[in-house]
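Source file: start03.txt. Holds: compact mmCIF, N, CA and C atoms.
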```txt
# COMPACT_ATOMS: atom_id res chain seq x y z
N MET A 1 176.08 -245.97 10.10
CA MET A 1 176.67 -245.05 9.17
C MET A 1 176.78 -245.69 7.79
N PRO A 2 176.10 -245.17 6.81
CA PRO A 2 176.12 -245.75 5.50
C PRO A 2 177.51 -245.82 4.88
N GLY A 3 178.41 -244.88 5.19
CA GLY A 3 179.74 -244.88 4.62
C GLY A 3 180.57 -246.09 5.02
N HIS A 4 180.27 -246.71 6.15
CA HIS A 4 181.02 -247.87 6.60
C HIS A 4 180.48 -249.18 6.03
N SER A 5 179.31 -249.15 5.50
CA SER A 5 178.70 -250.37 5.00
C SER A 5 179.52 -251.06 3.91
N PRO A 6 180.01 -250.38 2.87
CA PRO A 6 180.82 -251.07 1.84
C PRO A 6 182.13 -251.62 2.41
N LEU A 7 182.78 -250.86 3.30
CA LEU A 7 184.02 -251.33 3.90
C LEU A 7 183.75 -252.55 4.77
N LYS A 8 182.72 -252.47 5.59
CA LYS A 8 182.35 -253.59 6.45
C LYS A 8 182.06 -254.82 5.60
N HIS A 9 181.33 -254.64 4.52
CA HIS A 9 181.00 -255.74 3.62
C HIS A 9 182.27 -256.37 3.06
N ARG A 10 183.19 -255.56 2.57
CA ARG A 10 184.44 -256.08 1.99
C ARG A 10 185.27 -256.83 3.03
N LEU A 11 185.38 -256.27 4.23
CA LEU A 11 186.18 -256.91 5.27
C LEU A 11 185.58 -258.25 5.70
N VAL A 12 184.29 -258.25 5.96
CA VAL A 12 183.64 -259.48 6.44
C VAL A 12 183.63 -260.55 5.35
N THR A 13 183.28 -260.18 4.12
CA THR A 13 183.24 -261.18 3.05
C THR A 13 184.63 -261.70 2.72
N GLY A 14 185.64 -260.85 2.80
CA GLY A 14 187.01 -261.32 2.59
C GLY A 14 187.41 -262.35 3.64
N PHE A 15 187.13 -262.05 4.91
CA PHE A 15 187.41 -262.98 6.00
C PHE A 15 186.67 -264.30 5.79
N GLN A 16 185.38 -264.21 5.44
CA GLN A 16 184.59 -265.43 5.24
C GLN A 16 185.10 -266.23 4.05
N ARG A 17 185.35 -265.57 2.94
CA ARG A 17 185.74 -266.26 1.71
C ARG A 17 187.06 -267.00 1.84
N TYR A 18 188.05 -266.35 2.48
CA TYR A 18 189.39 -266.91 2.48
C TYR A 18 189.77 -267.66 3.75
N LEU A 19 189.05 -267.47 4.84
CA LEU A 19 189.41 -268.14 6.08
C LEU A 19 188.26 -268.95 6.68
N ALA A 20 187.20 -268.29 7.06
CA ALA A 20 186.12 -268.96 7.80
C ALA A 20 185.41 -270.02 6.97
N ASN A 21 184.96 -269.68 5.77
CA ASN A 21 184.18 -270.64 4.98
C ASN A 21 184.98 -271.88 4.58
N PRO A 22 186.23 -271.75 4.10
CA PRO A 22 186.97 -272.98 3.78
C PRO A 22 187.13 -273.91 4.98
N LEU A 23 187.32 -273.34 6.16
CA LEU A 23 187.43 -274.18 7.37
C LEU A 23 186.09 -274.79 7.74
N ASN A 24 185.04 -273.98 7.75
CA ASN A 24 183.72 -274.46 8.16
C ASN A 24 183.15 -275.51 7.21
N ARG A 25 183.43 -275.39 5.91
CA ARG A 25 182.92 -276.39 4.95
C ARG A 25 183.45 -277.78 5.25
N ARG A 26 184.59 -277.87 5.91
CA ARG A 26 185.20 -279.18 6.22
C ARG A 26 184.60 -279.84 7.46
N LEU A 27 183.90 -279.09 8.27
CA LEU A 27 183.31 -279.65 9.48
C LEU A 27 182.12 -280.52 9.11
N PRO A 28 182.09 -281.77 9.55
CA PRO A 28 181.05 -282.70 9.07
C PRO A 28 179.62 -282.33 9.43
N PHE A 29 179.41 -281.59 10.50
CA PHE A 29 178.03 -281.26 10.87
C PHE A 29 177.71 -279.78 10.71
N GLN A 30 178.58 -279.05 10.02
CA GLN A 30 178.29 -277.65 9.70
C GLN A 30 177.15 -277.64 8.68
N THR A 31 176.17 -276.79 8.90
CA THR A 31 175.08 -276.65 7.94
C THR A 31 175.61 -275.93 6.71
N LEU A 32 175.35 -276.50 5.54
CA LEU A 32 175.79 -275.92 4.27
C LEU A 32 174.60 -275.67 3.37
N LEU A 33 174.66 -274.58 2.63
CA LEU A 33 173.69 -274.28 1.59
C LEU A 33 174.41 -274.42 0.26
N GLU A 34 173.90 -275.29 -0.60
CA GLU A 34 174.52 -275.48 -1.91
C GLU A 34 173.61 -274.87 -2.97
N THR A 35 174.16 -273.89 -3.68
CA THR A 35 173.46 -273.25 -4.80
C THR A 35 174.19 -273.61 -6.07
N THR A 36 173.59 -273.27 -7.21
CA THR A 36 174.25 -273.44 -8.50
C THR A 36 174.77 -272.07 -8.93
N GLY A 37 176.06 -272.01 -9.23
CA GLY A 37 176.66 -270.75 -9.66
C GLY A 37 175.94 -270.18 -10.87
N ARG A 38 175.55 -268.94 -10.78
CA ARG A 38 174.74 -268.33 -11.85
C ARG A 38 175.52 -268.16 -13.14
N SER A 39 176.83 -268.05 -13.08
CA SER A 39 177.64 -267.93 -14.30
C SER A 39 178.31 -269.24 -14.66
N SER A 40 178.87 -269.91 -13.67
CA SER A 40 179.64 -271.13 -13.92
C SER A 40 178.78 -272.37 -14.07
N GLY A 41 177.62 -272.38 -13.39
CA GLY A 41 176.79 -273.59 -13.37
C GLY A 41 177.32 -274.64 -12.41
N LEU A 42 178.38 -274.31 -11.66
CA LEU A 42 178.98 -275.25 -10.72
C LEU A 42 178.33 -275.14 -9.35
N PRO A 43 178.36 -276.23 -8.57
CA PRO A 43 177.81 -276.15 -7.21
C PRO A 43 178.68 -275.24 -6.34
N ARG A 44 178.01 -274.39 -5.54
CA ARG A 44 178.68 -273.48 -4.62
C ARG A 44 178.15 -273.74 -3.23
N ARG A 45 179.05 -274.11 -2.31
CA ARG A 45 178.64 -274.45 -0.95
C ARG A 45 179.05 -273.35 0.03
N THR A 46 178.06 -272.89 0.79
CA THR A 46 178.26 -271.81 1.74
C THR A 46 177.83 -272.26 3.13
N PRO A 47 178.71 -272.16 4.12
CA PRO A 47 178.29 -272.44 5.50
C PRO A 47 177.26 -271.41 5.95
N VAL A 48 176.19 -271.89 6.53
CA VAL A 48 175.12 -271.00 7.01
C VAL A 48 174.67 -271.45 8.39
N GLY A 49 173.97 -270.58 9.05
CA GLY A 49 173.32 -270.92 10.31
C GLY A 49 171.83 -270.77 10.09
N GLY A 50 171.09 -271.65 10.62
CA GLY A 50 169.64 -271.58 10.46
C GLY A 50 168.99 -272.69 11.25
N ARG A 51 167.74 -272.91 10.99
CA ARG A 51 167.01 -273.95 11.73
C ARG A 51 165.95 -274.56 10.84
N ARG A 52 165.84 -275.88 10.96
CA ARG A 52 164.76 -276.58 10.28
C ARG A 52 163.52 -276.51 11.15
N VAL A 53 162.41 -276.14 10.51
CA VAL A 53 161.11 -276.09 11.18
C VAL A 53 160.17 -276.86 10.27
N GLY A 54 159.81 -278.07 10.67
CA GLY A 54 158.96 -278.91 9.83
C GLY A 54 159.66 -279.23 8.52
N ARG A 55 159.02 -278.89 7.41
CA ARG A 55 159.59 -279.18 6.09
C ARG A 55 160.26 -277.94 5.47
N SER A 56 160.62 -276.98 6.32
CA SER A 56 161.30 -275.78 5.84
C SER A 56 162.58 -275.56 6.62
N PHE A 57 163.54 -274.93 5.97
CA PHE A 57 164.77 -274.51 6.62
C PHE A 57 164.85 -272.99 6.51
N TRP A 58 165.03 -272.32 7.64
CA TRP A 58 165.04 -270.86 7.70
C TRP A 58 166.44 -270.35 7.98
N LEU A 59 166.84 -269.27 7.30
CA LEU A 59 168.11 -268.62 7.57
C LEU A 59 167.98 -267.14 7.23
N VAL A 60 168.96 -266.37 7.68
CA VAL A 60 168.99 -264.94 7.38
C VAL A 60 170.35 -264.63 6.77
N SER A 61 170.32 -264.02 5.58
CA SER A 61 171.54 -263.59 4.91
C SER A 61 171.97 -262.26 5.49
N GLU A 62 173.25 -262.16 5.87
CA GLU A 62 173.71 -260.92 6.50
C GLU A 62 173.93 -259.78 5.51
N PHE A 63 174.08 -260.08 4.22
CA PHE A 63 174.29 -259.02 3.22
C PHE A 63 173.20 -259.01 2.16
N GLY A 64 172.09 -259.65 2.44
CA GLY A 64 170.93 -259.59 1.55
C GLY A 64 171.26 -259.87 0.10
N HIS A 65 170.78 -259.02 -0.79
CA HIS A 65 170.94 -259.24 -2.22
C HIS A 65 172.38 -259.09 -2.71
N ARG A 66 173.28 -258.63 -1.84
CA ARG A 66 174.69 -258.56 -2.21
C ARG A 66 175.41 -259.88 -1.99
N SER A 67 174.81 -260.81 -1.24
CA SER A 67 175.43 -262.12 -1.02
C SER A 67 175.44 -262.91 -2.31
N GLN A 68 176.56 -263.54 -2.59
CA GLN A 68 176.68 -264.32 -3.82
C GLN A 68 175.66 -265.46 -3.84
N TYR A 69 175.45 -266.12 -2.70
CA TYR A 69 174.49 -267.22 -2.70
C TYR A 69 173.06 -266.74 -2.92
N VAL A 70 172.75 -265.51 -2.50
CA VAL A 70 171.43 -264.95 -2.76
C VAL A 70 171.28 -264.67 -4.26
N ARG A 71 172.31 -264.15 -4.88
CA ARG A 71 172.27 -263.92 -6.32
C ARG A 71 172.12 -265.24 -7.08
N ASN A 72 172.77 -266.28 -6.59
CA ASN A 72 172.62 -267.60 -7.21
C ASN A 72 171.19 -268.11 -7.05
N ILE A 73 170.59 -267.89 -5.90
CA ILE A 73 169.19 -268.30 -5.67
C ILE A 73 168.26 -267.56 -6.60
N GLN A 74 168.52 -266.27 -6.83
CA GLN A 74 167.68 -265.51 -7.75
C GLN A 74 167.73 -266.10 -9.16
N ALA A 75 168.89 -266.61 -9.55
CA ALA A 75 169.04 -267.20 -10.88
C ALA A 75 168.45 -268.61 -10.94
N ASP A 76 168.56 -269.36 -9.84
CA ASP A 76 168.05 -270.74 -9.79
C ASP A 76 167.73 -271.07 -8.34
N PRO A 77 166.45 -271.09 -7.97
CA PRO A 77 166.08 -271.30 -6.58
C PRO A 77 166.20 -272.75 -6.09
N ARG A 78 166.51 -273.69 -6.96
CA ARG A 78 166.70 -275.08 -6.52
C ARG A 78 168.04 -275.18 -5.79
N VAL A 79 168.00 -275.67 -4.56
CA VAL A 79 169.19 -275.73 -3.71
C VAL A 79 169.25 -277.08 -3.00
N ARG A 80 170.37 -277.28 -2.33
CA ARG A 80 170.50 -278.39 -1.39
C ARG A 80 170.98 -277.79 -0.07
N VAL A 81 170.54 -278.41 1.04
CA VAL A 81 170.96 -277.98 2.37
C VAL A 81 171.45 -279.21 3.12
N ARG A 82 172.66 -279.09 3.69
CA ARG A 82 173.17 -280.18 4.54
C ARG A 82 172.88 -279.82 5.98
N ILE A 83 172.00 -280.62 6.58
CA ILE A 83 171.58 -280.41 7.96
C ILE A 83 171.93 -281.65 8.75
N GLY A 84 172.71 -281.50 9.81
CA GLY A 84 173.09 -282.65 10.63
C GLY A 84 173.80 -283.73 9.84
N GLY A 85 174.56 -283.35 8.82
CA GLY A 85 175.32 -284.31 8.04
C GLY A 85 174.54 -284.96 6.90
N HIS A 86 173.26 -284.62 6.72
CA HIS A 86 172.44 -285.21 5.67
C HIS A 86 171.98 -284.13 4.69
N TRP A 87 172.06 -284.45 3.40
CA TRP A 87 171.67 -283.51 2.35
C TRP A 87 170.18 -283.60 2.05
N HIS A 88 169.56 -282.43 1.85
CA HIS A 88 168.14 -282.32 1.50
C HIS A 88 168.03 -281.36 0.31
N THR A 89 167.20 -281.71 -0.66
CA THR A 89 166.95 -280.80 -1.78
C THR A 89 165.74 -279.93 -1.45
N GLY A 90 165.67 -278.79 -2.09
CA GLY A 90 164.54 -277.91 -1.84
C GLY A 90 164.56 -276.70 -2.75
N THR A 91 163.58 -275.84 -2.53
CA THR A 91 163.44 -274.60 -3.29
C THR A 91 163.53 -273.43 -2.32
N ALA A 92 164.45 -272.50 -2.62
CA ALA A 92 164.67 -271.34 -1.75
C ALA A 92 163.76 -270.19 -2.16
N HIS A 93 163.29 -269.47 -1.16
CA HIS A 93 162.43 -268.30 -1.37
C HIS A 93 163.02 -267.13 -0.60
N LEU A 94 163.25 -266.02 -1.28
CA LEU A 94 163.70 -264.79 -0.63
C LEU A 94 162.48 -264.08 -0.09
N LEU A 95 162.53 -263.67 1.17
CA LEU A 95 161.36 -263.09 1.84
C LEU A 95 161.66 -261.67 2.34
N PRO A 96 161.70 -260.69 1.43
CA PRO A 96 162.04 -259.33 1.84
C PRO A 96 161.02 -258.70 2.78
N ASP A 97 159.79 -259.21 2.83
CA ASP A 97 158.77 -258.65 3.71
C ASP A 97 158.81 -259.24 5.12
N ASP A 98 159.60 -260.30 5.33
CA ASP A 98 159.74 -260.90 6.65
C ASP A 98 160.67 -260.01 7.48
N ASP A 99 160.47 -259.97 8.78
CA ASP A 99 161.32 -259.19 9.68
C ASP A 99 162.53 -260.04 10.05
N PRO A 100 163.71 -259.77 9.46
CA PRO A 100 164.87 -260.64 9.70
C PRO A 100 165.38 -260.57 11.14
N VAL A 101 165.24 -259.44 11.80
CA VAL A 101 165.69 -259.33 13.19
C VAL A 101 164.83 -260.21 14.09
N ALA A 102 163.52 -260.17 13.88
CA ALA A 102 162.62 -261.06 14.64
C ALA A 102 162.90 -262.52 14.29
N ARG A 103 163.17 -262.80 13.02
CA ARG A 103 163.47 -264.17 12.59
C ARG A 103 164.72 -264.69 13.28
N LEU A 104 165.73 -263.84 13.42
CA LEU A 104 166.98 -264.26 14.06
C LEU A 104 166.76 -264.73 15.50
N ARG A 105 165.73 -264.19 16.16
CA ARG A 105 165.45 -264.61 17.54
C ARG A 105 165.03 -266.07 17.61
N SER A 106 164.53 -266.62 16.50
CA SER A 106 164.08 -268.01 16.51
C SER A 106 165.14 -268.97 15.95
N LEU A 107 166.29 -268.42 15.57
CA LEU A 107 167.36 -269.23 14.99
C LEU A 107 168.48 -269.43 16.00
N PRO A 108 169.44 -270.32 15.73
CA PRO A 108 170.52 -270.57 16.69
C PRO A 108 171.21 -269.28 17.14
N ARG A 109 171.37 -269.16 18.43
CA ARG A 109 171.80 -267.92 19.07
C ARG A 109 173.18 -267.44 18.61
N PHE A 110 174.18 -268.32 18.55
CA PHE A 110 175.54 -267.89 18.20
C PHE A 110 175.59 -267.31 16.80
N ASN A 111 175.04 -268.04 15.82
CA ASN A 111 175.04 -267.55 14.45
C ASN A 111 174.23 -266.27 14.33
N SER A 112 173.10 -266.21 15.01
CA SER A 112 172.25 -265.01 14.93
C SER A 112 172.98 -263.78 15.45
N ALA A 113 173.76 -263.95 16.51
CA ALA A 113 174.53 -262.83 17.05
C ALA A 113 175.56 -262.35 16.03
N ALA A 114 176.21 -263.28 15.34
CA ALA A 114 177.20 -262.91 14.33
C ALA A 114 176.53 -262.20 13.15
N VAL A 115 175.38 -262.69 12.72
CA VAL A 115 174.67 -262.07 11.59
C VAL A 115 174.27 -260.65 11.96
N ARG A 116 173.75 -260.46 13.18
CA ARG A 116 173.37 -259.11 13.62
C ARG A 116 174.59 -258.21 13.72
N ALA A 117 175.70 -258.73 14.22
CA ALA A 117 176.90 -257.90 14.42
C ALA A 117 177.56 -257.50 13.10
N PHE A 118 177.64 -258.43 12.16
CA PHE A 118 178.40 -258.18 10.93
C PHE A 118 177.53 -257.80 9.74
N GLY A 119 176.24 -258.09 9.83
CA GLY A 119 175.36 -257.85 8.70
C GLY A 119 175.06 -256.38 8.47
N THR A 120 174.80 -256.07 7.20
CA THR A 120 174.47 -254.69 6.84
C THR A 120 173.14 -254.59 6.10
N ASP A 121 172.63 -255.71 5.63
CA ASP A 121 171.39 -255.69 4.84
C ASP A 121 170.72 -257.06 4.98
N LEU A 122 170.08 -257.29 6.12
CA LEU A 122 169.55 -258.61 6.44
C LEU A 122 168.38 -258.99 5.53
N LEU A 123 168.33 -260.28 5.16
CA LEU A 123 167.28 -260.80 4.30
C LEU A 123 166.93 -262.22 4.74
N THR A 124 165.67 -262.47 5.01
CA THR A 124 165.20 -263.80 5.39
C THR A 124 165.07 -264.69 4.16
N ILE A 125 165.48 -265.94 4.33
CA ILE A 125 165.37 -266.95 3.27
C ILE A 125 164.71 -268.19 3.87
N ARG A 126 163.74 -268.73 3.16
CA ARG A 126 163.09 -269.99 3.54
C ARG A 126 163.37 -270.99 2.43
N VAL A 127 163.82 -272.18 2.82
CA VAL A 127 163.98 -273.26 1.85
C VAL A 127 162.92 -274.29 2.15
N ASP A 128 162.01 -274.49 1.18
CA ASP A 128 161.00 -275.54 1.30
C ASP A 128 161.65 -276.84 0.86
N LEU A 129 161.78 -277.77 1.81
CA LEU A 129 162.47 -279.02 1.56
C LEU A 129 161.56 -280.03 0.86
N ASP A 130 162.13 -280.76 -0.08
CA ASP A 130 161.36 -281.82 -0.77
C ASP A 130 161.22 -283.01 0.16
N GLY A 131 160.15 -283.77 -0.07
CA GLY A 131 159.88 -285.04 0.61
C GLY A 131 160.68 -285.25 1.78
```
What does the file become when written as structure tokens?
Amino acid sequence: MPGHSPLKHRLVTGFQRYLANPLNRRLPFQTLLETTGRSSGLPRRTPVGGRRVGRSFWLVSEFGHRSQYVRNIQADPRVRVRIGGHWHTGTAHLLPDDDPVARLRSLPRFNSAAVRAFGTDLLTIRVDLDG
């Protein structure tokens, strides 16, 4: 139902912003995506679920272009990803032509289930990792 999408977005992002993300950012092995704030220029760290495949890191944004980190990527695609406690630099690519539901099947099961349950506008993102 399209009418529930804005409410669902507000509820889920409020929960993430004020409760889940501050807690998850403190976990030493939580995967984090660090973007540069498009207005502030400050680093913004967002807990994400995804998987490294070779020299790429794959994830699916549950709110697509409405996600703040996606908007930051559009302004500056250079990012950092903390995987297994180690930081990697890379360039993020938004892939609107990729099938995000199929992509979620290849990513960690728990996070993928949450993205499918709470997401309203799925978008695949690939980060090409440097060296």
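Note that CA of Thr35 in chain A and CA of Ser61 in chain A are 13.8 Å apart.
Take the candidates A:Asp130, A:Val79, A:Ser106, A:Tyr69 and check each one against Arg51 in chain A using only C-alpha atoms; the shortest distance goes to A:Ser106.
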*asked:* If you run DSSP on the backbone here, which positions in range 4-131 of chain A get helix (DSSP H, G or I)? Please write them as an MDAnalysis selection string.
replied: chainID A and resid 4:25 64:66 68:75 100:104 109:118
*asked:* Please identify the strand (DSSP E or B) residues within chain A (assignment by DSSP from backbone atoms) and present them as a VMD selection string.
replied: chain A and resid 32 to 36 43 to 47 50 to 53 56 to 61 78 to 83 86 to 95 123 to 129
*Quick one, how far is atom N of Pro100 in chain A from CA of Glu62 in chain A?*
10.5 Å
*Please provide the set of residues having any atom within 6 Å of range 44-48 of chain A, restricted to only C-alpha atoms, with same-chain residues fewer than 3 positions apart removed, written as a ChimeraX atom specification.*
/A:31-36
Atoms kept (N, CA and C atoms) for selection, written as a PDB file, keeping the file's coordinate frame:
```pdb
ATOM      1  N   THR A  31     176.170-276.790   8.900  1.00  0.00           N
ATOM      2  CA  THR A  31     175.080-276.650   7.940  1.00  0.00           C
ATOM      3  C   THR A  31     175.610-275.930   6.710  1.00  0.00           C
ATOM      4  N   LEU A  32     175.350-276.500   5.540  1.00  0.00           N
ATOM      5  CA  LEU A  32     175.790-275.920   4.270  1.00  0.00           C
ATOM      6  C   LEU A  32     174.600-275.670   3.370  1.00  0.00           C
ATOM      7  N   LEU A  33     174.660-274.580   2.630  1.00  0.00           N
ATOM      8  CA  LEU A  33     173.690-274.280   1.590  1.00  0.00           C
ATOM      9  C   LEU A  33     174.410-274.420   0.260  1.00  0.00           C
ATOM     10  N   GLU A  34     173.900-275.290  -0.600  1.00  0.00           N
ATOM     11  CA  GLU A  34     174.520-275.480  -1.910  1.00  0.00           C
ATOM     12  C   GLU A  34     173.610-274.870  -2.970  1.00  0.00           C
ATOM     13  N   THR A  35     174.160-273.890  -3.680  1.00  0.00           N
ATOM     14  CA  THR A  35     173.460-273.250  -4.800  1.00  0.00           C
ATOM     15  C   THR A  35     174.190-273.610  -6.070  1.00  0.00           C
ATOM     16  N   THR A  36     173.590-273.270  -7.210  1.00  0.00           N
ATOM     17  CA  THR A  36     174.250-273.440  -8.500  1.00  0.00           C
ATOM     18  C   THR A  36     174.770-272.070  -8.930  1.00  0.00           C
TER      19      THR A  36
END
```
*Could you please determine the separation between CA of Val53 in chain A and CA of Val101 in chain A in Å, to one decimal place?*
17.5 Å
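Ranking A:Ala114, A:Leu42, A:Leu122, A:Val127 by their shortest atom-to-atom distance to Phe63 in chain A, with only C-alpha atoms included, puts A:Leu122 first.
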*Closest of A:Gly54, A:Pro43, A:Gly37, A:Gly131 to Ile73 in chain A - atom-to-atom distances counting all atoms listed in the file*: A:Gly37
Pick out the residues sitting within 12 Å of Arg66 in chain A, and hand them over as a JSON list (two decimals) with N, CA and C atoms, in the coordinates of the input; count only C-alpha atoms, and ignore anything fewer than 6 positions along from it in its own chain.
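Okay, out38.json is ready:
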```json
[["chain", "number", "residue", "atom", "x", "y", "z"],
["A", 5, "SER", "N", 179.31, -249.15, 5.50],
["A", 5, "SER", "CA", 178.70, -250.37, 5.00],
["A", 5, "SER", "C", 179.52, -251.06, 3.91],
["A", 6, "PRO", "N", 180.01, -250.38, 2.87],
["A", 6, "PRO", "CA", 180.82, -251.07, 1.84],
["A", 6, "PRO", "C", 182.13, -251.62, 2.41],
["A", 9, "HIS", "N", 181.33, -254.64, 4.52],
["A", 9, "HIS", "CA", 181.00, -255.74, 3.62],
["A", 9, "HIS", "C", 182.27, -256.37, 3.06],
["A", 10, "ARG", "N", 183.19, -255.56, 2.57],
["A", 10, "ARG", "CA", 184.44, -256.08, 1.99],
["A", 10, "ARG", "C", 185.27, -256.83, 3.03],
["A", 13, "THR", "N", 183.28, -260.18, 4.12],
["A", 13, "THR", "CA", 183.24, -261.18, 3.05],
["A", 13, "THR", "C", 184.63, -261.70, 2.72],
["A", 72, "ASN", "N", 172.77, -266.28, -6.59],
["A", 72, "ASN", "CA", 172.62, -267.60, -7.21],
["A", 72, "ASN", "C", 171.19, -268.11, -7.05],
["A", 73, "ILE", "N", 170.59, -267.89, -5.90],
["A", 73, "ILE", "CA", 169.19, -268.30, -5.67],
["A", 73, "ILE", "C", 168.26, -267.56, -6.60],
["A", 74, "GLN", "N", 168.52, -266.27, -6.83],
["A", 74, "GLN", "CA", 167.68, -265.51, -7.75],
["A", 74, "GLN", "C", 167.73, -266.10, -9.16],
["A", 119, "GLY", "N", 176.24, -258.09, 9.83],
["A", 119, "GLY", "CA", 175.36, -257.85, 8.70],
["A", 119, "GLY", "C", 175.06, -256.38, 8.47],
["A", 120, "THR", "N", 174.80, -256.07, 7.20],
["A", 120, "THR", "CA", 174.47, -254.69, 6.84],
["A", 120, "THR", "C", 173.14, -254.59, 6.10],
["A", 121, "ASP", "N", 172.63, -255.71, 5.63],
["A", 121, "ASP", "CA", 171.39, -255.69, 4.84],
["A", 121, "ASP", "C", 170.72, -257.06, 4.98],
["A", 122, "LEU", "N", 170.08, -257.29, 6.12],
["A", 122, "LEU", "CA", 169.55, -258.61, 6.44],
["A", 122, "LEU", "C", 168.38, -258.99, 5.53],
["A", 123, "LEU", "N", 168.33, -260.28, 5.16],
["A", 123, "LEU", "CA", 167.28, -260.80, 4.30],
["A", 123, "LEU", "C", 166.93, -262.22, 4.74]]
```
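Between Thr124 in chain A and the candidates A:Ile83, A:Gln30, A:Ala92, A:Asp99, the tightest atom-to-atom separation, counting only C-alpha atoms, involves A:Asp99.
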Around all of range 51-68 of chain A's listed atoms, make the axis-aligned box with 8 Å on each side and tell me centre and edge lengths in Å to one decimal, as JSON.
```
{"center_x": 167.8, "center_y": -268.9, "center_z": 3.9, "size_x": 33.7, "size_y": 36.7, "size_z": 31.6}
```
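If you measure from each of A:Arg52, A:Val60, A:Ser40, A:Arg71 to Arg105 in chain A using only C-alpha atoms, the closest one turns out to be A:Val60.
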*With all atoms listed in the file as the basis for distance, which of A:Leu95, A:Ala75, A:Gly49, A:His65 is at the shortest distance from Ile125 in chain A?*
A:Leu95
